[in-house]
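Just structure-v9.txt here, compact mmCIF, C-alpha atoms and all ligand atoms:
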# COMPACT_ATOMS: atom_id res chain seq x y z
CA MET A 1 107.63 17.07 48.78
CA ASN A 2 104.71 19.32 49.87
CA GLY A 3 102.32 18.54 52.73
CA ASN A 4 99.77 16.91 50.41
CA SER A 5 102.13 14.44 48.70
CA PRO A 6 101.81 10.82 49.82
CA ALA A 7 104.76 9.48 51.81
CA PRO A 8 107.47 8.04 49.55
CA ARG A 9 107.56 4.26 49.28
CA TYR A 10 110.62 2.04 49.12
CA PHE A 11 111.29 -0.22 46.14
CA ALA A 12 114.16 -2.66 45.63
CA LEU A 13 115.72 -3.09 42.19
CA ILE A 14 118.05 -6.08 41.77
CA PRO A 15 120.26 -6.08 38.65
CA CYS A 16 120.62 -9.81 37.94
CA ALA A 17 121.50 -9.82 34.24
CA GLY A 18 125.28 -10.25 34.34
CA ASN A 19 127.32 -13.22 33.07
CA GLY A 20 129.74 -13.46 35.97
CA SER A 21 132.71 -13.68 33.61
CA ARG A 22 135.25 -13.17 36.43
CA ALA A 23 133.69 -15.89 38.58
CA GLY A 24 134.64 -18.75 36.26
CA THR A 25 131.28 -20.52 36.62
CA ALA A 26 129.57 -22.36 33.76
CA GLY A 27 126.44 -20.18 33.98
CA PRO A 28 125.61 -16.80 35.55
CA LYS A 29 127.15 -16.74 39.05
CA GLN A 30 123.96 -15.45 40.72
CA TYR A 31 122.34 -18.86 40.15
CA GLU A 32 125.22 -20.92 41.63
CA ARG A 33 124.34 -22.74 44.84
CA VAL A 34 125.86 -21.18 47.96
CA ALA A 35 125.08 -22.61 51.41
CA GLY A 36 122.36 -24.84 49.96
CA GLN A 37 120.51 -22.32 47.76
CA PRO A 38 121.05 -20.39 44.54
CA MET A 39 122.87 -17.17 45.44
CA ILE A 40 119.96 -15.01 44.29
CA TRP A 41 117.64 -16.66 46.86
CA HIS A 42 119.80 -15.38 49.74
CA THR A 43 119.72 -11.89 48.24
CA LEU A 44 115.95 -11.89 47.74
CA SER A 45 115.28 -13.38 51.21
CA ALA A 46 117.00 -10.40 52.85
CA PHE A 47 114.77 -7.91 50.99
CA ALA A 48 111.63 -10.00 51.58
CA ALA A 49 112.28 -9.65 55.32
CA VAL A 50 112.22 -5.84 55.19
CA GLN A 51 108.60 -4.84 55.79
CA ARG A 52 109.06 -1.36 54.35
CA ILE A 53 109.96 -2.60 50.87
CA ALA A 54 106.74 -2.20 48.84
CA ARG A 55 107.97 -4.26 45.87
CA THR A 56 111.16 -5.92 44.65
CA LEU A 57 111.93 -5.95 40.93
CA VAL A 58 114.56 -8.31 39.54
CA VAL A 59 116.14 -7.42 36.18
CA VAL A 60 117.24 -10.56 34.33
CA ALA A 61 118.76 -11.01 30.87
CA PRO A 62 116.36 -11.57 27.94
CA GLY A 63 115.95 -15.34 27.55
CA ASP A 64 116.98 -16.09 31.15
CA GLY A 65 114.74 -19.01 32.15
CA PHE A 66 115.85 -19.36 35.78
CA PHE A 67 112.75 -17.88 37.42
CA GLU A 68 110.39 -19.86 35.15
CA ARG A 69 112.15 -23.05 36.23
CA ASN A 70 112.19 -21.93 39.90
CA PRO A 71 108.97 -19.93 40.43
CA THR A 72 109.25 -19.35 44.17
CA THR A 73 109.69 -15.61 44.56
CA SER A 74 107.10 -12.90 45.16
CA ALA A 75 109.39 -10.42 43.39
CA LEU A 76 108.52 -9.06 39.96
CA VAL A 77 110.98 -10.55 37.45
CA VAL A 78 111.48 -8.67 34.17
CA PRO A 79 113.75 -9.77 31.28
CA CYS A 80 114.96 -6.25 30.50
CA GLY A 81 118.67 -6.63 31.25
CA GLY A 82 121.01 -4.41 29.23
CA ALA A 83 124.60 -4.62 28.00
CA THR A 84 125.96 -3.00 31.17
CA ARG A 85 124.87 -2.91 34.80
CA ALA A 86 123.92 0.76 34.40
CA ALA A 87 121.71 -0.11 31.40
CA SER A 88 120.05 -2.92 33.37
CA VAL A 89 119.31 -0.49 36.22
CA ALA A 90 117.96 2.21 33.86
CA ASN A 91 115.67 -0.37 32.21
CA GLY A 92 114.57 -1.59 35.63
CA LEU A 93 113.62 1.95 36.69
CA ARG A 94 111.35 2.16 33.63
CA GLU A 95 109.67 -1.10 34.68
CA LEU A 96 109.25 0.13 38.25
CA ARG A 97 107.36 3.16 36.95
CA ARG A 98 105.18 0.81 34.90
CA ALA A 99 104.52 -1.09 38.14
CA GLY A 100 103.31 2.11 39.84
CA ALA A 101 106.39 3.68 41.40
CA VAL A 102 106.65 7.47 41.09
CA ASP A 103 109.53 9.94 40.95
CA HIS A 104 109.62 10.73 44.67
CA ASP A 105 109.66 7.06 45.73
CA TRP A 106 113.00 5.68 46.95
CA VAL A 107 114.73 2.92 44.98
CA LEU A 108 117.30 0.67 46.63
CA VAL A 109 119.51 -0.79 43.89
CA HIS A 110 121.27 -3.96 45.02
CA ASP A 111 123.58 -6.39 43.16
CA ALA A 112 122.18 -9.93 42.87
CA ALA A 113 125.77 -11.01 43.53
CA ARG A 114 125.89 -9.42 47.02
CA CYS A 115 124.17 -12.37 48.66
CA LEU A 116 125.47 -11.51 52.15
CA ILE A 117 123.18 -8.52 52.54
CA THR A 118 120.99 -8.66 55.66
CA PRO A 119 117.62 -7.07 56.55
CA GLU A 120 119.46 -5.14 59.31
CA LEU A 121 121.80 -3.51 56.78
CA VAL A 122 118.91 -2.63 54.45
CA ASN A 123 117.06 -1.06 57.39
CA ARG A 124 120.20 0.83 58.45
CA LEU A 125 120.51 2.35 54.98
CA ILE A 126 116.83 3.36 54.93
CA ASP A 127 116.93 4.79 58.46
CA THR A 128 120.05 6.85 57.65
CA CYS A 129 118.94 8.16 54.24
CA ALA A 130 115.14 8.53 54.46
CA ASP A 131 115.32 12.18 55.60
CA ASP A 132 118.25 13.11 53.37
CA GLU A 133 117.87 15.23 50.24
CA VAL A 134 120.25 13.10 48.16
CA GLY A 135 120.31 9.51 49.45
CA GLY A 136 123.27 7.23 49.99
CA LEU A 137 124.94 3.86 49.87
CA LEU A 138 126.32 1.14 52.09
CA ALA A 139 130.11 1.23 52.13
CA HIS A 140 133.18 0.06 54.05
CA PRO A 141 136.30 2.09 54.95
CA LEU A 142 139.44 0.76 53.27
CA ALA A 143 141.51 -1.42 55.62
CA ASP A 144 144.57 -2.03 53.43
CA THR A 145 147.30 0.31 52.19
CA LEU A 146 146.55 1.57 48.70
CA LYS A 147 149.14 1.35 45.89
CA ILE A 148 149.23 2.79 42.38
CA ASP A 149 150.45 0.24 39.84
CA GLN A 150 152.83 1.07 37.02
CA GLY A 151 153.78 -1.96 34.90
CA GLY A 152 153.60 -4.34 37.86
CA ARG A 153 155.67 -2.10 40.19
CA VAL A 154 154.48 0.36 42.82
CA ALA A 155 154.53 3.91 41.48
CA SER A 156 153.22 5.47 44.70
CA THR A 157 151.12 4.98 47.83
CA LEU A 158 147.85 6.82 48.43
CA SER A 159 146.46 7.84 51.80
CA ARG A 160 143.60 5.54 52.73
CA ASP A 161 142.15 7.99 55.28
CA ASP A 162 139.29 9.15 53.10
CA LYS A 163 138.78 6.00 50.96
CA TRP A 164 135.73 3.74 51.16
CA LEU A 165 134.69 0.64 49.22
CA ALA A 166 131.27 1.23 47.66
CA GLN A 167 128.74 -1.52 48.30
CA THR A 168 125.03 -1.89 47.62
CA PRO A 169 122.17 -1.21 48.21
CA GLN A 170 122.48 2.34 46.93
CA MET A 171 119.34 4.34 47.68
CA PHE A 172 118.10 7.33 45.66
CA ARG A 173 114.78 8.86 44.60
CA LEU A 174 113.51 7.23 41.42
CA GLY A 175 113.23 10.53 39.50
CA MET A 176 116.67 11.76 40.52
CA LEU A 177 118.29 8.43 39.67
CA ARG A 178 116.59 8.20 36.28
CA GLN A 179 117.81 11.69 35.40
CA ALA A 180 121.32 10.90 36.69
CA LEU A 181 121.60 7.70 34.64
CA GLU A 182 120.30 9.42 31.50
CA GLY A 183 123.16 11.91 31.71
CA ALA A 184 125.81 9.49 32.91
CA ASP A 185 128.97 8.35 31.19
CA ASN A 186 128.89 4.74 29.92
CA SER A 187 131.80 3.81 32.17
CA ILE A 188 130.03 4.32 35.52
CA THR A 189 129.89 1.22 37.71
CA ASP A 190 127.44 2.33 40.40
CA GLU A 191 124.43 4.62 40.92
CA SER A 192 126.31 6.89 43.29
CA SER A 193 128.75 7.85 40.49
CA ALA A 194 125.85 9.06 38.36
CA ILE A 195 124.44 11.10 41.25
CA GLU A 196 127.90 12.52 42.05
CA ALA A 197 128.24 13.63 38.41
CA MET A 198 125.25 15.91 39.03
CA GLY A 199 127.26 17.65 41.79
CA LEU A 200 125.49 15.88 44.66
CA LYS A 201 127.11 14.13 47.65
CA PRO A 202 125.50 10.79 48.65
CA LEU A 203 125.76 9.67 52.29
CA LEU A 204 128.26 6.90 53.13
CA VAL A 205 126.63 4.40 55.49
CA PRO A 206 129.08 1.98 57.21
CA ALA A 207 128.12 -1.63 56.54
CA GLY A 208 131.13 -3.85 57.42
CA ALA A 209 133.27 -6.11 55.25
CA GLN A 210 130.84 -9.05 55.03
CA ASN A 211 128.59 -7.37 52.47
CA PHE A 212 131.07 -8.13 49.69
CA LYS A 213 130.25 -8.86 46.05
CA VAL A 214 130.90 -12.43 44.90
CA THR A 215 133.18 -11.68 41.96
CA TYR A 216 136.09 -14.18 41.77
CA PRO A 217 136.10 -18.02 42.13
CA GLU A 218 137.46 -17.90 45.69
CA ASP A 219 134.60 -15.61 46.83
CA PHE A 220 132.07 -18.49 46.75
CA ALA A 221 133.80 -20.31 49.63
CA MET A 222 133.94 -17.10 51.67
CA ALA A 223 130.23 -16.42 51.06
CA GLU A 224 129.39 -20.01 51.97
CA ALA A 225 131.35 -19.77 55.25
CA VAL A 226 129.69 -16.50 56.28
CA LEU A 227 126.17 -17.72 55.44
CA ARG A 228 126.66 -21.03 57.28
CA GLY A 229 128.15 -19.17 60.23
CA ARG A 230 124.97 -17.12 60.57
CA ARG A 231 122.75 -20.20 61.06
N1 LIG B 1 124.73 -6.13 32.06
C1 LIG B 1 124.67 -6.38 33.37
C2 LIG B 1 125.85 -6.61 34.13
C3 LIG B 1 125.75 -6.89 35.48
N2 LIG B 1 124.52 -6.94 36.06
C4 LIG B 1 124.39 -7.29 37.49
O1 LIG B 1 125.10 -6.35 38.27
C5 LIG B 1 125.59 -6.96 39.46
C6 LIG B 1 127.03 -6.61 39.73
O2 LIG B 1 127.84 -6.91 38.60
P1 LIG B 1 129.07 -7.93 38.57
O3 LIG B 1 129.40 -8.47 39.86
O4 LIG B 1 130.15 -7.33 37.77
O5 LIG B 1 128.43 -9.13 37.76
P2 LIG B 1 128.76 -9.62 36.33
O6 LIG B 1 128.67 -8.52 35.33
O7 LIG B 1 127.85 -10.77 36.19
O8 LIG B 1 130.27 -10.14 36.51
P3 LIG B 1 131.52 -9.91 35.57
O9 LIG B 1 131.78 -8.43 35.54
O10 LIG B 1 132.60 -10.67 36.26
O11 LIG B 1 131.16 -10.47 34.22
C7 LIG B 1 125.40 -8.47 39.30
O12 LIG B 1 124.40 -8.89 40.19
C8 LIG B 1 125.02 -8.64 37.85
O13 LIG B 1 124.11 -9.71 37.61
C9 LIG B 1 123.37 -6.69 35.31
O14 LIG B 1 122.26 -6.74 35.83
N3 LIG B 1 123.47 -6.40 33.97
C1 LIG B 2 127.86 -1.42 42.32
C2 LIG B 2 129.11 -2.04 42.86
O1 LIG B 2 128.83 -3.28 43.46
C3 LIG B 2 129.66 -1.13 43.94
O2 LIG B 2 130.88 -1.63 44.39
C4 LIG B 2 130.16 -2.24 41.80
O3 LIG B 2 130.59 -1.02 41.31
C5 LIG B 2 129.71 -3.12 40.66
O4 LIG B 2 130.84 -3.36 39.87
P1 LIG B 2 130.77 -4.22 38.58
O5 LIG B 2 132.17 -4.60 38.22
O6 LIG B 2 130.09 -3.39 37.57
O7 LIG B 2 129.97 -5.38 38.99
Take the structure in this file and express it as structure tokens.
Ligand SMILES: Nc1ccn([C@@H]2O[C@H](COP(=O)(O)OP(=O)(O)OP(=O)(O)O)[C@@H](O)[C@H]2O)c(=O)n1
Ligand SMILES: C[C@](O)(CO)[C@H](O)COP(=O)(O)O
Amino acid sequence: MNGNSPAPRYFALIPCAGNGSRAGTAGPKQYERVAGQPMIWHTLSAFAAVQRIARTLVVVAPGDGFFERNPTTSALVVPCGGATRAASVANGLRELRRAGAVDHDWVLVHDAARCLITPELVNRLIDTCADDEVGGLLAHPLADTLKIDQGGRVASTLSRDDKWLAQTPQMFRLGMLRQALEGADNSITDESSAIEAMGLKPLLVPAGAQNFKVTYPEDFAMAEAVLRGRR
């Protein structure tokens, strides 16, 4: 950025177009009620409380009627979800540009299903990454011993010393992320992987174990307990 460029802004992009097939719910898990509200409300409330976020864009699946039935968010909701999370994010980046974001703005990509995110964690990520050339992600160092499976038996044990669990938000410049996703393999499961494939090294920002992704049926009760415990 040269001296005449405007300061970068911060945008949030929430991929919310998944089916939640592992969660065992009748509909998409992000709309299940947790601690009295649909899960997505908790997620959006955290971002709404971060003053520096200029705009939040939610990517939903085409035909998703949830936000029409529940029109209470100030976020921009766009039915441009794709077949994979990466496709939903790439489509969302296109919509953010349409909404006025430019290549040097920062985008914080956050799973709808990580409803335990807090404004403090979002601010920690921004404070740590805002002056970095690459960007980074919230993450948590592995606490358990790590095994390699071979047909249901342990083939070997890996050192956990340098292993972290990737969380979200993951924060990168819009232009860099768009380029990274265009060149990325279909199998990538987070934005950091696409950035890493360009030879770059995102910052790991410690966030604690509570910012987990609601993935399996038993995760709803854990999310409920944490959210109620915060009141
Ligand atoms: N095509 C997709 C797939 C996932 N997501 C979103 O990406 C986030 C993380 O994905 P995950 O937890 O795997 O959600 P699902 O894909 O819904 O779950 P599953 O893999 O169990 O089907 C979720 O907020 C989900 O809504 C998305 O926007 N578009
Ligand atoms: C982005 C992510 O939440 C980081 O841990 C995760 O990779 C998403 O995984 P999914 O199985 O595609 O939801």
Expected axis-aligned box over every listed atom of ligand LIG 2 (chain B), 3 Å added per side, centre plus edges in Å to one decimal, as AutoDock Vina command-line options:
--center_x 130.0 --center_y -3.2 --center_z 41.0 --size_x 10.3 --size_y 10.4 --size_z 12.8
Problem - Distance filter 10 Å around ligand LIG 1 (chain B), atoms: only C-alpha atoms and all ligand atoms, out as a PyMOL selection string - result: chain A and resi 13-25+27-31+39-40+43+58-61+80-89+91-92+109-115+168+189-190+212-216
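Our summary of the geometry notes that CA of Leu204 in chain A is positioned 28.7 Å from CA of Gly100 in chain A.
Residues in contact with Leu158 in chain A at up to 8 Å, not including ones fewer than 3 positions away on its chain and judged by all atoms listed in the file, are A:Thr145, A:Leu146, A:Lys147, A:Ile148.
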Handout entry: Residue among A:Val77, A:Leu200, A:Asp185, A:Ala101 lying closest to Gly135 in chain A, counting all atoms listed in the file
Key =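 Going through A:Val77, A:Leu200, A:Asp185, A:Ala101 one by one, the smallest distance to Gly135 in chain A is for A:Leu200.
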Reconstructed range 50-62 of chain A, atom set N, CA and C atoms, as a PDB file, in the coordinates of the input:
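As a result, out03.pdb now contains:
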ATOM      1  N   VAL A  50     112.302  -7.269  54.830  1.00  0.00           N
ATOM      2  CA  VAL A  50     112.220  -5.840  55.190  1.00  0.00           C
ATOM      3  C   VAL A  50     110.802  -5.357  54.886  1.00  0.00           C
ATOM      4  N   GLN A  51     110.035  -5.168  55.932  1.00  0.00           N
ATOM      5  CA  GLN A  51     108.600  -4.840  55.790  1.00  0.00           C
ATOM      6  C   GLN A  51     108.356  -3.592  54.947  1.00  0.00           C
ATOM      7  N   ARG A  52     109.291  -2.639  55.037  1.00  0.00           N
ATOM      8  CA  ARG A  52     109.060  -1.360  54.350  1.00  0.00           C
ATOM      9  C   ARG A  52     109.225  -1.423  52.840  1.00  0.00           C
ATOM     10  N   ILE A  53     109.781  -2.494  52.323  1.00  0.00           N
ATOM     11  CA  ILE A  53     109.960  -2.600  50.870  1.00  0.00           C
ATOM     12  C   ILE A  53     108.610  -2.949  50.239  1.00  0.00           C
ATOM     13  N   ALA A  54     108.074  -2.011  49.427  1.00  0.00           N
ATOM     14  CA  ALA A  54     106.740  -2.200  48.840  1.00  0.00           C
ATOM     15  C   ALA A  54     106.782  -3.273  47.758  1.00  0.00           C
ATOM     16  N   ARG A  55     107.868  -3.324  46.979  1.00  0.00           N
ATOM     17  CA  ARG A  55     107.970  -4.260  45.870  1.00  0.00           C
ATOM     18  C   ARG A  55     109.436  -4.449  45.510  1.00  0.00           C
ATOM     19  N   THR A  56     109.798  -5.660  45.138  1.00  0.00           N
ATOM     20  CA  THR A  56     111.160  -5.920  44.650  1.00  0.00           C
ATOM     21  C   THR A  56     111.075  -6.309  43.184  1.00  0.00           C
ATOM     22  N   LEU A  57     111.889  -5.647  42.363  1.00  0.00           N
ATOM     23  CA  LEU A  57     111.930  -5.950  40.930  1.00  0.00           C
ATOM     24  C   LEU A  57     113.303  -6.516  40.590  1.00  0.00           C
ATOM     25  N   VAL A  58     113.308  -7.660  39.929  1.00  0.00           N
ATOM     26  CA  VAL A  58     114.560  -8.310  39.540  1.00  0.00           C
ATOM     27  C   VAL A  58     114.731  -8.165  38.033  1.00  0.00           C
ATOM     28  N   VAL A  59     115.859  -7.582  37.619  1.00  0.00           N
ATOM     29  CA  VAL A  59     116.140  -7.420  36.180  1.00  0.00           C
ATOM     30  C   VAL A  59     117.002  -8.590  35.719  1.00  0.00           C
ATOM     31  N   VAL A  60     116.454  -9.443  34.850  1.00  0.00           N
ATOM     32  CA  VAL A  60     117.240 -10.560  34.330  1.00  0.00           C
ATOM     33  C   VAL A  60     117.509 -10.354  32.833  1.00  0.00           C
ATOM     34  N   ALA A  61     118.425 -11.139  32.301  1.00  0.00           N
ATOM     35  CA  ALA A  61     118.760 -11.010  30.870  1.00  0.00           C
ATOM     36  C   ALA A  61     117.615 -11.578  30.021  1.00  0.00           C
ATOM     37  N   PRO A  62     117.373 -10.988  28.844  1.00  0.00           N
ATOM     38  CA  PRO A  62     116.360 -11.570  27.940  1.00  0.00           C
ATOM     39  C   PRO A  62     116.717 -13.038  27.691  1.00  0.00           C
TER      40      PRO A  62
END
